[in-house]
Amino acid sequence: MADISISNLIKTYPGGTERATDDVSLHIADGSFTVLLGPSGCGKTTLLRMLAGLELPDSGSISIGGRDVTYLPPNKRNISMVFQSYAVFPHRSVRYNIGFGLQMAKVAKEQIDKKVQWAADLLQLTPYLDRLPAQLSGGQRQRVAVARAIVVDADVLLMDEPLSNLDALLRLNFRSELKKIVQDLGTTTVYVTHDQSEALSLGDQVAVMRKGRIAQLGDPLDVYDAPSDRFVGGFIGSPPMNFVDAAVTPDGELVVGDQRLMAPSLLQSFGNHSIVLGVRAENVSVAKERASGHIAATVLVVEPMGSTILLTVDVEGQTLKVQAPPSFRTAPHQTIWLGFSPNTMRFYDRETSMALEAN
Amino acid sequence: MSQATVDTAPLKRQKRNRVLLQLTCIAVSLFMLIPIYLISLAALSSRESLNAFPLSLLPTSFSFETLNAFLGSTGVFGALGNSLIVGVGTLLLSALIGVPAGYALARFAFPGKEPYQLFLLFARALPIVVLSVPLARLFLTVDIYDTTYAVILLHTALALPTTILISASVFLGVPHDVEEAARVFGCSPFGAFMRVVMPMALPGIAAASIFTFVMSWNEVLGASILTLDHRTLPAQVLTSLADSPLAYRFAGGFALVIPSIIFIAFMRRYLTNMWGSTIR
């Protein structure tokens, strides 16, 4: 077990012009579960592969447990990894696959058998130990890959989208199982995913990446609740955060189109500015009757989701997604009233897209 | 109206076409199989029955007499040995050079990769005669003319393009992440290659090797130019064909055909795989 220190890591792929990781610095505490989250091509997998030693950075440094590993080959790093495509060895039995890392580390045979048995029990693979991977289902193969990764006594466990090849239901089940296994193991874990729900549910800390940089690093709920810029807010959450063009009047009131909103005191210092209002769908209250501080909206689409109703509404020519309770009855073209509570509203600069801070 | 009249003509046409297709397949197969059958029949019958008229088309007098006579005649046994030495030597040498080259083609991006693949094929673009005559001169000066080494070198040069391209496509079929997994779990690059990549590629490499062996076994022109007393079997049969009895010719033909037949039976599965995958 060890902490990971990444500093000023720069990597450009041969033939590429853009930096795959652009001056990334990150500290990962010993025993923590860190998720690298971002859209494809954001550099999250490159960063993980550099941690694994499968890619070498152009500059910068990586140290694991205080030891510089920046340019060490993978087999000298004492790491363990679960691959997106399982990467089990198809020509050998499940037993051999799981014990591979231990065998390479020249662990005694009885010890290997014991460890393999333990991992197989943990991942419900015991009946399949003597089968070839080809005789297993995709989910079982991924279990083999996880078992292979957890039997070795590695400093760091790396996971590259381990759930993305599984079907939806299996993914949900295996996700919680994985969280429990990694928690019990206590190994420092770095997990790459493009799935924001995985990131929120698994991570102790989430690093949202974009264009080779870390856009926001923090506790999953903080990242969800207070995105540091429009990109993060739009990437995390389903539906993503709503962004509405608004303006602050000289006397500190918030105006959307011609309608006025209760503005939090934060905005006092931004009088006479054009800003962007960010709000999550579940933080907008809906009503059929006009109330003070509410603004009018026209319903465009009604989508019952079971536990809630997702409404797509039009406010002064801008489209919003809002959540209504299942008992809320409405239909397209009707006018409803939206309420915003000041402490759930987030504000962004219209030019830089960065969150506005009171100053 | 309870039942509409159904036009069954398309169904009948489909059935007829299937029958026609089967018949065509059988005809093509017979075209290939009959000569092989006849030569096997002749090689495995006694000498008298060969001269009988009309020739029996069924194996009535099964005997190894003709084959024994062929194997017993001067030079044939030695030539068989030479063919084996050359075949195995070519197989080993071309695998030794070709498999790593194929691996490099499959795994690494390097400058000049595309021209390299193209130039590989140029060795085969030259007629063997054009290659062999200068080689014969060269081998005379370095004093390996009329040895099996000379033929092994020529055959390796001829086999390398296919060995390299086939093994490259085989290695492309081995997923890169499996190799990376081996590296992460403690293998050196060479260890990962030997423990994981090679076992997975082995069937394909074996197929390429057999391909090489059969190429070498069948190659006659270069072998006849580069040797005098150390002929391979096809070269030996070719030179003595004109002035030898009928039985010798049949037995010689049979001895030359058999390895190819075994090869095809062995390779069927891999051949289709091999050409099904493309080299990027």
# chains A, B, ... in the order shown; residues from 1 in each chain; ligands from 1
$ residues_around --residues "Val313 of chain A" --least-positions-apart "2" --cutoff "8 Å" --atoms "only C-alpha atoms" --output "PDB file with C-alpha atoms, in the first residue's frame"
ATOM      1  CA  ALA A 297     -42.261  28.178 -18.204  1.00  0.00           C
ATOM      2  CA  THR A 298     -43.987  26.346 -21.028  1.00  0.00           C
ATOM      3  CA  VAL A 299     -43.942  22.548 -20.943  1.00  0.00           C
ATOM      4  CA  LEU A 300     -42.441  21.005 -24.086  1.00  0.00           C
ATOM      5  CA  VAL A 301     -42.046  17.301 -23.252  1.00  0.00           C
ATOM      6  CA  LEU A 311     -40.130  17.754 -17.805  1.00  0.00           C
ATOM      7  CA  VAL A 315     -38.170  29.584 -20.236  1.00  0.00           C
ATOM      8  CA  THR A 319     -34.642  24.919 -22.638  1.00  0.00           C
ATOM      9  CA  LEU A 320     -34.446  23.387 -19.151  1.00  0.00           C
ATOM     10  CA  LYS A 321     -34.902  19.905 -17.728  1.00  0.00           C
ATOM     11  CA  VAL A 322     -36.708  19.836 -14.413  1.00  0.00           C
TER      12      VAL A 322
END
$ residues_around --residues "Leu51 of chain A" --least-positions-apart "2" --cutoff "9 Å" --atoms "only C-alpha atoms" --output "PyMOL selection string"
chain A and resi 4+6+46-49+53-56+62-64+69-70+74+77+79+158
$ write_last_selection --atoms "C-alpha atoms" --output "mmCIF file, in the first residue's frame"
data_model
loop_
_atom_site.group_PDB
_atom_site.id
_atom_site.type_symbol
_atom_site.label_atom_id
_atom_site.label_comp_id
_atom_site.auth_asym_id
_atom_site.auth_seq_id
_atom_site.Cartn_x
_atom_site.Cartn_y
_atom_site.Cartn_z
ATOM 1 C CA ILE A 4 0.733 8.199 -5.388
ATOM 2 C CA ILE A 6 1.865 12.775 -9.858
ATOM 3 C CA THR A 46 -3.322 7.796 -20.800
ATOM 4 C CA LEU A 47 -2.805 8.952 -17.227
ATOM 5 C CA LEU A 48 -3.638 5.474 -15.912
ATOM 6 C CA ARG A 49 -1.344 3.821 -18.441
ATOM 7 C CA GLY A 53 4.231 2.070 -16.993
ATOM 8 C CA LEU A 54 2.561 1.077 -20.252
ATOM 9 C CA GLU A 55 3.160 4.597 -21.560
ATOM 10 C CA LEU A 56 6.067 6.848 -20.694
ATOM 11 C CA ILE A 62 5.246 9.832 -10.821
ATOM 12 C CA SER A 63 6.112 8.370 -7.476
ATOM 13 C CA ILE A 64 4.417 5.503 -5.690
ATOM 14 C CA VAL A 69 8.676 5.143 -10.855
ATOM 15 C CA THR A 70 8.294 7.600 -13.749
ATOM 16 C CA PRO A 74 5.500 -2.144 -15.482
ATOM 17 C CA ARG A 77 6.382 -1.046 -10.163
ATOM 18 C CA ILE A 79 1.171 -2.576 -9.355
ATOM 19 C CA LEU A 158 -5.410 0.253 -11.370
#
$ select_by_dssp --residues "segment 162-192 of chain A" --states "alpha helix (DSSP H)" --output "MDAnalysis selection string"
chainID A and resid 168:185
$ interface_residues --of "chain A" --to "chain B" --cutoff "7 Å" --atoms "only C-alpha atoms" --output "PyMOL selection string"
chain A and resi 74-75+79-81+87-89+91+101+104-105
$ write_last_selection --atoms "N, CA and C atoms" --output "mmCIF file, in the first residue's frame"
data_model
loop_
_atom_site.group_PDB
_atom_site.id
_atom_site.type_symbol
_atom_site.label_atom_id
_atom_site.label_comp_id
_atom_site.auth_asym_id
_atom_site.auth_seq_id
_atom_site.Cartn_x
_atom_site.Cartn_y
_atom_site.Cartn_z
ATOM 1 N N PRO A 74 6.657 -1.741 -16.290
ATOM 2 C CA PRO A 74 5.500 -2.144 -15.482
ATOM 3 C C PRO A 74 5.830 -3.207 -14.433
ATOM 4 N N ASN A 75 6.712 -4.164 -14.817
ATOM 5 C CA ASN A 75 6.966 -5.276 -13.899
ATOM 6 C C ASN A 75 7.814 -4.878 -12.697
ATOM 7 N N ILE A 79 2.542 -3.020 -9.158
ATOM 8 C CA ILE A 79 1.171 -2.576 -9.355
ATOM 9 C C ILE A 79 0.333 -3.754 -9.826
ATOM 10 N N SER A 80 -0.942 -3.529 -9.929
ATOM 11 C CA SER A 80 -1.857 -4.555 -10.379
ATOM 12 C C SER A 80 -2.919 -3.845 -11.196
ATOM 13 N N MET A 81 -3.486 -4.532 -12.173
ATOM 14 C CA MET A 81 -4.380 -3.797 -13.072
ATOM 15 C C MET A 81 -5.517 -4.677 -13.576
ATOM 16 N N ALA A 87 -8.539 -8.963 -20.746
ATOM 17 C CA ALA A 87 -7.155 -9.354 -20.972
ATOM 18 C C ALA A 87 -6.754 -10.569 -20.155
ATOM 19 N N VAL A 88 -7.667 -11.548 -20.040
ATOM 20 C CA VAL A 88 -7.271 -12.819 -19.428
ATOM 21 C C VAL A 88 -6.505 -13.616 -20.478
ATOM 22 N N PHE A 89 -5.655 -14.531 -20.008
ATOM 23 C CA PHE A 89 -4.855 -15.305 -20.953
ATOM 24 C C PHE A 89 -5.698 -16.468 -21.469
ATOM 25 N N HIS A 91 -5.239 -18.989 -23.317
ATOM 26 C CA HIS A 91 -4.705 -20.339 -23.516
ATOM 27 C C HIS A 91 -4.472 -21.061 -22.194
ATOM 28 N N GLY A 101 0.205 -13.620 -11.441
ATOM 29 C CA GLY A 101 1.046 -12.601 -10.819
ATOM 30 C C GLY A 101 1.894 -13.181 -9.693
ATOM 31 N N MET A 104 4.708 -15.252 -11.093
ATOM 32 C CA MET A 104 5.788 -14.391 -11.577
ATOM 33 C C MET A 104 6.626 -13.874 -10.411
ATOM 34 N N ALA A 105 5.945 -13.656 -9.270
ATOM 35 C CA ALA A 105 6.661 -13.142 -8.101
ATOM 36 C C ALA A 105 7.365 -14.278 -7.350
#
$ closest_atom_pairs --of "segment 36-132 of chain A" --to "segment 210-231 of chain A" --cutoff "10 Å" --atoms "only C-alpha atoms" --output "CSV"
residue,atom,partner,partner_atom,distance
A:Leu36,CA,A:Ile214,CA,8.8
A:Leu37,CA,A:Arg210,CA,8.8
A:Gly38,CA,A:Arg210,CA,6.2
A:Pro39,CA,A:Arg210,CA,7.2
A:Ser40,CA,A:Arg210,CA,9.1
A:Gly41,CA,A:Lys211,CA,7.1
A:Cys42,CA,A:Lys211,CA,4.6
A:Gly43,CA,A:Gly212,CA,4.8
A:Lys44,CA,A:Gly212,CA,7.5
A:Thr46,CA,A:Gly212,CA,8.9
A:Leu47,CA,A:Gly212,CA,8.7
$ atom_distance --atom1 "atom CA of Thr308 of chain A" --atom2 "atom CA of His333 of chain A"
19.7 Å
$ atom_distance --atom1 "atom CA of Ile112 of chain A" --atom2 "atom CA of Ile181 of chain A"
19.3 Å
$ residues_around --residues "segment 158-161 of chain B" --least-positions-apart "4" --cutoff "8 Å" --atoms "only C-alpha atoms" --output "NGL selection string"
:B and (90 or 94 or 97-98 or 120-121 or 123-124 or 154 or 165 or 212 or 215-216)
$ write_last_selection --atoms "N, CA, C and O atoms" --output "compact mmCIF listing (two decimals), in the first residue's frame"
# COMPACT_ATOMS: atom_id res chain seq x y z
N THR B 90 15.23 -24.76 -43.81
CA THR B 90 14.53 -23.56 -44.26
C THR B 90 13.48 -23.14 -43.24
O THR B 90 13.37 -21.96 -42.90
N SER B 94 13.90 -19.61 -41.48
CA SER B 94 12.93 -18.58 -41.81
C SER B 94 12.08 -18.23 -40.59
O SER B 94 11.68 -17.08 -40.43
N ILE B 97 14.20 -15.85 -38.40
CA ILE B 97 14.27 -14.47 -38.88
C ILE B 97 12.86 -13.89 -39.03
O ILE B 97 12.62 -12.74 -38.68
N GLY B 98 11.95 -14.69 -39.55
CA GLY B 98 10.65 -14.18 -39.95
C GLY B 98 9.71 -13.89 -38.80
O GLY B 98 8.96 -12.91 -38.85
N LEU B 120 9.31 -6.44 -49.13
CA LEU B 120 9.34 -7.84 -48.73
C LEU B 120 8.93 -8.74 -49.89
O LEU B 120 9.49 -9.79 -50.13
N LEU B 121 7.91 -8.27 -50.61
CA LEU B 121 7.34 -9.10 -51.66
C LEU B 121 8.19 -9.10 -52.92
O LEU B 121 7.99 -9.93 -53.80
N ALA B 123 11.21 -9.95 -53.35
CA ALA B 123 12.00 -11.17 -53.52
C ALA B 123 11.22 -12.20 -54.33
O ALA B 123 11.79 -12.96 -55.10
N ARG B 124 9.89 -12.19 -54.13
CA ARG B 124 9.07 -13.14 -54.86
C ARG B 124 8.74 -12.64 -56.26
O ARG B 124 8.31 -13.42 -57.11
N LEU B 154 18.66 -20.08 -50.24
CA LEU B 154 17.75 -19.64 -51.30
C LEU B 154 16.29 -19.79 -50.85
O LEU B 154 15.49 -18.86 -50.99
N LEU B 165 4.85 -12.03 -43.33
CA LEU B 165 3.51 -11.47 -43.43
C LEU B 165 2.49 -12.33 -42.68
O LEU B 165 1.60 -11.81 -42.02
N THR B 212 6.02 -23.01 -45.25
CA THR B 212 7.41 -22.86 -45.67
C THR B 212 8.01 -24.22 -46.07
O THR B 212 8.66 -24.35 -47.10
N MET B 215 6.67 -25.35 -49.36
CA MET B 215 7.26 -24.53 -50.42
C MET B 215 8.65 -25.07 -50.77
O MET B 215 8.98 -25.27 -51.93
N SER B 216 9.43 -25.30 -49.73
CA SER B 216 10.79 -25.78 -49.93
C SER B 216 10.79 -27.18 -50.55
O SER B 216 11.59 -27.50 -51.43
$ residues_around --residues "Val146 of chain A" --least-positions-apart "4" --cutoff "7 Å" --atoms "only C-alpha atoms" --output "VMD selection string"
chain A and resid 82 142 150
$ residues_around --residues "Arg107 of chain B" --least-positions-apart "6" --cutoff "9 Å" --atoms "only C-alpha atoms" --output "PyMOL selection string"
chain B and resi 168+171-172+176
$ residues_around --residues "segment 255-264 of chain A" --least-positions-apart "3" --cutoff "10 Å" --atoms "only C-alpha atoms" --output "mmCIF file with N, CA, C and O atoms, in the first residue's frame"
data_model
loop_
_atom_site.group_PDB
_atom_site.id
_atom_site.type_symbol
_atom_site.label_atom_id
_atom_site.label_comp_id
_atom_site.auth_asym_id
_atom_site.auth_seq_id
_atom_site.Cartn_x
_atom_site.Cartn_y
_atom_site.Cartn_z
ATOM 1 N N VAL A 244 -28.645 28.412 -17.746
ATOM 2 C CA VAL A 244 -29.561 29.428 -18.259
ATOM 3 C C VAL A 244 -28.822 30.763 -18.310
ATOM 4 O O VAL A 244 -28.200 31.168 -17.328
ATOM 5 N N ASP A 245 -28.890 31.399 -19.468
ATOM 6 C CA ASP A 245 -28.303 32.739 -19.566
ATOM 7 C C ASP A 245 -29.139 33.703 -18.740
ATOM 8 O O ASP A 245 -30.363 33.731 -18.879
ATOM 9 N N ALA A 246 -28.469 34.455 -17.902
ATOM 10 C CA ALA A 246 -29.187 35.394 -17.037
ATOM 11 C C ALA A 246 -28.341 36.660 -16.883
ATOM 12 O O ALA A 246 -27.220 36.721 -17.361
ATOM 13 N N ALA A 247 -28.926 37.631 -16.243
ATOM 14 C CA ALA A 247 -28.183 38.876 -16.033
ATOM 15 C C ALA A 247 -28.408 39.349 -14.601
ATOM 16 O O ALA A 247 -29.408 38.995 -13.972
ATOM 17 N N VAL A 248 -27.455 40.080 -14.068
ATOM 18 C CA VAL A 248 -27.611 40.666 -12.744
ATOM 19 C C VAL A 248 -27.831 42.167 -12.939
ATOM 20 O O VAL A 248 -27.052 42.815 -13.632
ATOM 21 N N THR A 249 -28.915 42.675 -12.378
ATOM 22 C CA THR A 249 -29.198 44.116 -12.516
ATOM 23 C C THR A 249 -28.255 44.893 -11.602
ATOM 24 O O THR A 249 -27.665 44.324 -10.683
ATOM 25 N N GLY A 252 -28.491 44.233 -8.023
ATOM 26 C CA GLY A 252 -28.240 42.885 -7.507
ATOM 27 C C GLY A 252 -29.376 41.906 -7.661
ATOM 28 O O GLY A 252 -29.417 40.893 -6.985
ATOM 29 N N LEU A 267 -24.414 37.388 -5.375
ATOM 30 C CA LEU A 267 -24.409 38.117 -6.636
ATOM 31 C C LEU A 267 -24.281 39.626 -6.473
ATOM 32 O O LEU A 267 -24.123 40.342 -7.450
ATOM 33 N N GLN A 268 -24.372 40.119 -5.203
ATOM 34 C CA GLN A 268 -24.315 41.567 -4.983
ATOM 35 C C GLN A 268 -23.102 42.189 -5.670
ATOM 36 O O GLN A 268 -23.164 43.253 -6.251
ATOM 37 N N SER A 274 -23.522 39.979 -17.160
ATOM 38 C CA SER A 274 -24.216 38.850 -17.786
ATOM 39 C C SER A 274 -23.579 37.587 -17.231
ATOM 40 O O SER A 274 -22.348 37.434 -17.262
ATOM 41 N N ILE A 275 -24.418 36.685 -16.740
ATOM 42 C CA ILE A 275 -23.870 35.460 -16.151
ATOM 43 C C ILE A 275 -24.635 34.252 -16.662
ATOM 44 O O ILE A 275 -25.573 34.370 -17.444
ATOM 45 N N VAL A 276 -24.214 33.064 -16.237
ATOM 46 C CA VAL A 276 -24.951 31.843 -16.544
ATOM 47 C C VAL A 276 -25.380 31.236 -15.221
ATOM 48 O O VAL A 276 -24.574 31.103 -14.297
ATOM 49 N N LEU A 277 -26.654 30.904 -15.157
ATOM 50 C CA LEU A 277 -27.195 30.277 -13.958
ATOM 51 C C LEU A 277 -27.188 28.757 -14.168
ATOM 52 O O LEU A 277 -27.665 28.270 -15.182
ATOM 53 N N SER A 292 -44.721 33.912 -5.528
ATOM 54 C CA SER A 292 -43.735 34.986 -5.630
ATOM 55 C C SER A 292 -42.340 34.398 -5.810
ATOM 56 O O SER A 292 -41.995 33.376 -5.206
ATOM 57 N N GLY A 293 -41.567 35.002 -6.680
ATOM 58 C CA GLY A 293 -40.211 34.515 -6.939
ATOM 59 C C GLY A 293 -40.175 33.395 -7.960
ATOM 60 O O GLY A 293 -39.105 32.944 -8.336
ATOM 61 N N HIS A 294 -41.317 32.895 -8.387
ATOM 62 C CA HIS A 294 -41.347 31.841 -9.403
ATOM 63 C C HIS A 294 -41.320 32.466 -10.785
ATOM 64 O O HIS A 294 -41.738 33.596 -10.976
ATOM 65 N N ILE A 295 -40.832 31.685 -11.767
ATOM 66 C CA ILE A 295 -40.874 32.198 -13.129
ATOM 67 C C ILE A 295 -41.697 31.256 -13.999
ATOM 68 O O ILE A 295 -41.782 30.049 -13.736
ATOM 69 N N ALA A 296 -42.283 31.811 -15.044
ATOM 70 C CA ALA A 296 -43.183 31.037 -15.898
ATOM 71 C C ALA A 296 -42.394 30.229 -16.917
ATOM 72 O O ALA A 296 -41.342 30.672 -17.401
ATOM 73 N N VAL A 315 -38.115 28.339 -21.002
ATOM 74 C CA VAL A 315 -38.170 29.584 -20.236
ATOM 75 C C VAL A 315 -37.570 30.687 -21.093
ATOM 76 O O VAL A 315 -36.362 30.660 -21.357
ATOM 77 N N GLU A 316 -38.352 31.569 -21.547
ATOM 78 C CA GLU A 316 -37.861 32.720 -22.314
ATOM 79 C C GLU A 316 -36.947 32.276 -23.458
ATOM 80 O O GLU A 316 -35.882 32.834 -23.673
ATOM 81 N N GLY A 317 -37.343 31.220 -24.142
ATOM 82 C CA GLY A 317 -36.558 30.758 -25.291
ATOM 83 C C GLY A 317 -35.390 29.856 -24.927
ATOM 84 O O GLY A 317 -34.638 29.432 -25.794
ATOM 85 N N GLN A 318 -35.209 29.536 -23.648
ATOM 86 C CA GLN A 318 -34.133 28.625 -23.243
ATOM 87 C C GLN A 318 -34.732 27.332 -22.695
ATOM 88 O O GLN A 318 -35.759 27.358 -22.013
ATOM 89 N N GLY A 339 -39.668 27.322 -9.306
ATOM 90 C CA GLY A 339 -39.051 28.003 -8.168
ATOM 91 C C GLY A 339 -37.619 27.537 -7.975
ATOM 92 O O GLY A 339 -37.310 26.363 -8.173
ATOM 93 N N PHE A 340 -36.757 28.492 -7.634
ATOM 94 C CA PHE A 340 -35.334 28.171 -7.438
ATOM 95 C C PHE A 340 -34.953 28.569 -6.021
ATOM 96 O O PHE A 340 -35.264 29.673 -5.591
ATOM 97 N N SER A 341 -34.277 27.646 -5.324
ATOM 98 C CA SER A 341 -33.861 28.063 -3.988
ATOM 99 C C SER A 341 -32.426 28.568 -4.068
ATOM 100 O O SER A 341 -31.587 27.982 -4.747
ATOM 101 N N PRO A 342 -32.150 29.687 -3.421
ATOM 102 C CA PRO A 342 -30.862 30.380 -3.600
ATOM 103 C C PRO A 342 -29.652 29.488 -3.334
ATOM 104 O O PRO A 342 -28.647 29.597 -4.025
ATOM 105 N N ASN A 343 -29.744 28.552 -2.349
ATOM 106 C CA ASN A 343 -28.532 27.798 -2.019
ATOM 107 C C ASN A 343 -28.250 26.641 -2.981
ATOM 108 O O ASN A 343 -27.251 25.957 -2.852
ATOM 109 N N THR A 344 -29.130 26.389 -3.942
ATOM 110 C CA THR A 344 -28.819 25.348 -4.929
ATOM 111 C C THR A 344 -28.453 25.951 -6.286
ATOM 112 O O THR A 344 -28.164 25.216 -7.222
ATOM 113 N N MET A 345 -28.506 27.280 -6.363
ATOM 114 C CA MET A 345 -28.156 27.901 -7.638
ATOM 115 C C MET A 345 -26.643 28.095 -7.716
ATOM 116 O O MET A 345 -25.997 28.454 -6.732
ATOM 117 N N ARG A 346 -26.067 27.804 -8.893
ATOM 118 C CA ARG A 346 -24.631 28.027 -9.112
ATOM 119 C C ARG A 346 -24.492 29.040 -10.244
ATOM 120 O O ARG A 346 -25.339 29.061 -11.159
#
$ residues_around --residues "Val220 of chain B" --least-positions-apart "3" --cutoff "10 Å" --atoms "only C-alpha atoms" --output "JSON, numbers by chain"
{"B": [128, 215, 216, 217, 223, 224, 225, 231, 232, 233, 234, 235, 236, 237, 238]}
$ write_last_selection --atoms "N, CA, C and O atoms" --output "mmCIF file, in the first residue's frame"
data_model
loop_
_atom_site.group_PDB
_atom_site.id
_atom_site.type_symbol
_atom_site.label_atom_id
_atom_site.label_comp_id
_atom_site.auth_asym_id
_atom_site.auth_seq_id
_atom_site.Cartn_x
_atom_site.Cartn_y
_atom_site.Cartn_z
ATOM 1 N N ILE B 128 12.684 -17.192 -60.085
ATOM 2 C CA ILE B 128 13.699 -17.938 -59.338
ATOM 3 C C ILE B 128 14.983 -18.091 -60.156
ATOM 4 O O ILE B 128 16.085 -18.024 -59.610
ATOM 5 N N MET B 215 6.673 -25.348 -49.356
ATOM 6 C CA MET B 215 7.259 -24.532 -50.425
ATOM 7 C C MET B 215 8.649 -25.066 -50.765
ATOM 8 O O MET B 215 8.984 -25.273 -51.926
ATOM 9 N N SER B 216 9.427 -25.299 -49.729
ATOM 10 C CA SER B 216 10.793 -25.784 -49.930
ATOM 11 C C SER B 216 10.787 -27.179 -50.551
ATOM 12 O O SER B 216 11.590 -27.497 -51.428
ATOM 13 N N TRP B 217 9.877 -28.016 -50.086
ATOM 14 C CA TRP B 217 9.788 -29.387 -50.587
ATOM 15 C C TRP B 217 9.472 -29.403 -52.084
ATOM 16 O O TRP B 217 9.964 -30.230 -52.824
ATOM 17 N N ALA B 223 16.712 -25.238 -56.743
ATOM 18 C CA ALA B 223 17.462 -26.367 -56.198
ATOM 19 C C ALA B 223 18.269 -27.067 -57.287
ATOM 20 O O ALA B 223 19.396 -27.515 -57.044
ATOM 21 N N SER B 224 17.737 -27.152 -58.504
ATOM 22 C CA SER B 224 18.497 -27.812 -59.575
ATOM 23 C C SER B 224 19.669 -26.960 -60.023
ATOM 24 O O SER B 224 20.697 -27.481 -60.431
ATOM 25 N N ILE B 225 19.528 -25.641 -59.971
ATOM 26 C CA ILE B 225 20.615 -24.769 -60.411
ATOM 27 C C ILE B 225 21.741 -24.753 -59.382
ATOM 28 O O ILE B 225 22.920 -24.728 -59.726
ATOM 29 N N ARG B 231 21.221 -33.130 -54.725
ATOM 30 C CA ARG B 231 19.905 -32.696 -55.173
ATOM 31 C C ARG B 231 18.835 -32.947 -54.124
ATOM 32 O O ARG B 231 18.901 -33.926 -53.389
ATOM 33 N N THR B 232 17.821 -32.047 -54.110
ATOM 34 C CA THR B 232 16.621 -32.360 -53.326
ATOM 35 C C THR B 232 15.748 -33.271 -54.162
ATOM 36 O O THR B 232 15.980 -33.444 -55.359
ATOM 37 N N LEU B 233 14.740 -33.859 -53.551
ATOM 38 C CA LEU B 233 13.937 -34.861 -54.233
ATOM 39 C C LEU B 233 13.300 -34.366 -55.537
ATOM 40 O O LEU B 233 13.436 -35.024 -56.575
ATOM 41 N N PRO B 234 12.635 -33.202 -55.524
ATOM 42 C CA PRO B 234 12.022 -32.773 -56.791
ATOM 43 C C PRO B 234 13.064 -32.549 -57.888
ATOM 44 O O PRO B 234 12.844 -32.932 -59.043
ATOM 45 N N ALA B 235 14.208 -31.966 -57.507
ATOM 46 C CA ALA B 235 15.256 -31.733 -58.489
ATOM 47 C C ALA B 235 15.774 -33.060 -59.038
ATOM 48 O O ALA B 235 15.995 -33.215 -60.239
ATOM 49 N N GLN B 236 15.934 -34.025 -58.152
ATOM 50 C CA GLN B 236 16.407 -35.357 -58.543
ATOM 51 C C GLN B 236 15.416 -36.031 -59.494
ATOM 52 O O GLN B 236 15.792 -36.537 -60.548
ATOM 53 N N VAL B 237 14.155 -35.967 -59.113
ATOM 54 C CA VAL B 237 13.117 -36.601 -59.946
ATOM 55 C C VAL B 237 13.070 -35.910 -61.304
ATOM 56 O O VAL B 237 13.003 -36.557 -62.350
ATOM 57 N N LEU B 238 13.166 -34.587 -61.291
ATOM 58 C CA LEU B 238 13.079 -33.834 -62.535
ATOM 59 C C LEU B 238 14.188 -34.225 -63.505
ATOM 60 O O LEU B 238 13.946 -34.449 -64.686
#
$ closest_atom_pairs --of "segment 65-130 of chain B" --to "segment 42-49 of chain B" --cutoff "8 Å" --atoms "only C-alpha atoms" --output "Markdown table"
| residue | atom | partner | partner_atom | distance |
| --- | --- | --- | --- | --- |
| B:Glu65 | CA | B:Ser46 | CA | 5.7 |
| B:Thr66 | CA | B:Ala43 | CA | 6.0 |
| B:Leu67 | CA | B:Ala43 | CA | 6.0 |
$ write_last_selection --atoms "C-alpha atoms" --output "CSV table (one decimal), in the first residue's frame"
chain,number,residue,atom,x,y,z
B,65,GLU,CA,6.7,-52.9,-55.1
B,66,THR,CA,6.8,-49.8,-57.3
B,67,LEU,CA,7.3,-47.4,-54.4
$ atom_distance --atom1 "atom CA of Val170 of chain B" --atom2 "atom CA of Ala206 of chain B"
10.5 Å
$ closest_residue --among "B:Ala251, B:Gly89, B:Thr74, B:Leu33" --to "Phe213 of chain B" --atoms "only C-alpha atoms"
B:Gly89
$ decode --residues "segment 252-257 of chain B" --atoms "N, CA, C and O atoms" --output "PDB file, in the first residue's frame"
ATOM      1  N   GLY B 252       7.585 -41.353 -58.061  1.00  0.00           N
ATOM      2  CA  GLY B 252       8.171 -40.048 -57.774  1.00  0.00           C
ATOM      3  C   GLY B 252       7.098 -38.997 -57.570  1.00  0.00           C
ATOM      4  O   GLY B 252       7.137 -38.214 -56.616  1.00  0.00           O
ATOM      5  N   GLY B 253       6.129 -38.992 -58.482  1.00  0.00           N
ATOM      6  CA  GLY B 253       5.032 -38.040 -58.355  1.00  0.00           C
ATOM      7  C   GLY B 253       4.299 -38.202 -57.044  1.00  0.00           C
ATOM      8  O   GLY B 253       4.008 -37.226 -56.352  1.00  0.00           O
ATOM      9  N   PHE B 254       4.063 -39.453 -56.690  1.00  0.00           N
ATOM     10  CA  PHE B 254       3.343 -39.744 -55.449  1.00  0.00           C
ATOM     11  C   PHE B 254       4.122 -39.212 -54.249  1.00  0.00           C
ATOM     12  O   PHE B 254       3.572 -38.543 -53.376  1.00  0.00           O
ATOM     13  N   ALA B 255       5.441 -39.481 -54.239  1.00  0.00           N
ATOM     14  CA  ALA B 255       6.282 -39.039 -53.124  1.00  0.00           C
ATOM     15  C   ALA B 255       6.302 -37.515 -53.023  1.00  0.00           C
ATOM     16  O   ALA B 255       6.462 -36.963 -51.941  1.00  0.00           O
ATOM     17  N   LEU B 256       6.124 -36.831 -54.137  1.00  0.00           N
ATOM     18  CA  LEU B 256       6.136 -35.371 -54.113  1.00  0.00           C
ATOM     19  C   LEU B 256       4.792 -34.786 -53.681  1.00  0.00           C
ATOM     20  O   LEU B 256       4.734 -33.721 -53.082  1.00  0.00           O
ATOM     21  N   VAL B 257       3.722 -35.503 -54.011  1.00  0.00           N
ATOM     22  CA  VAL B 257       2.388 -34.970 -53.733  1.00  0.00           C
ATOM     23  C   VAL B 257       2.016 -35.130 -52.254  1.00  0.00           C
ATOM     24  O   VAL B 257       1.389 -34.241 -51.661  1.00  0.00           O
TER      25      VAL B 257
END
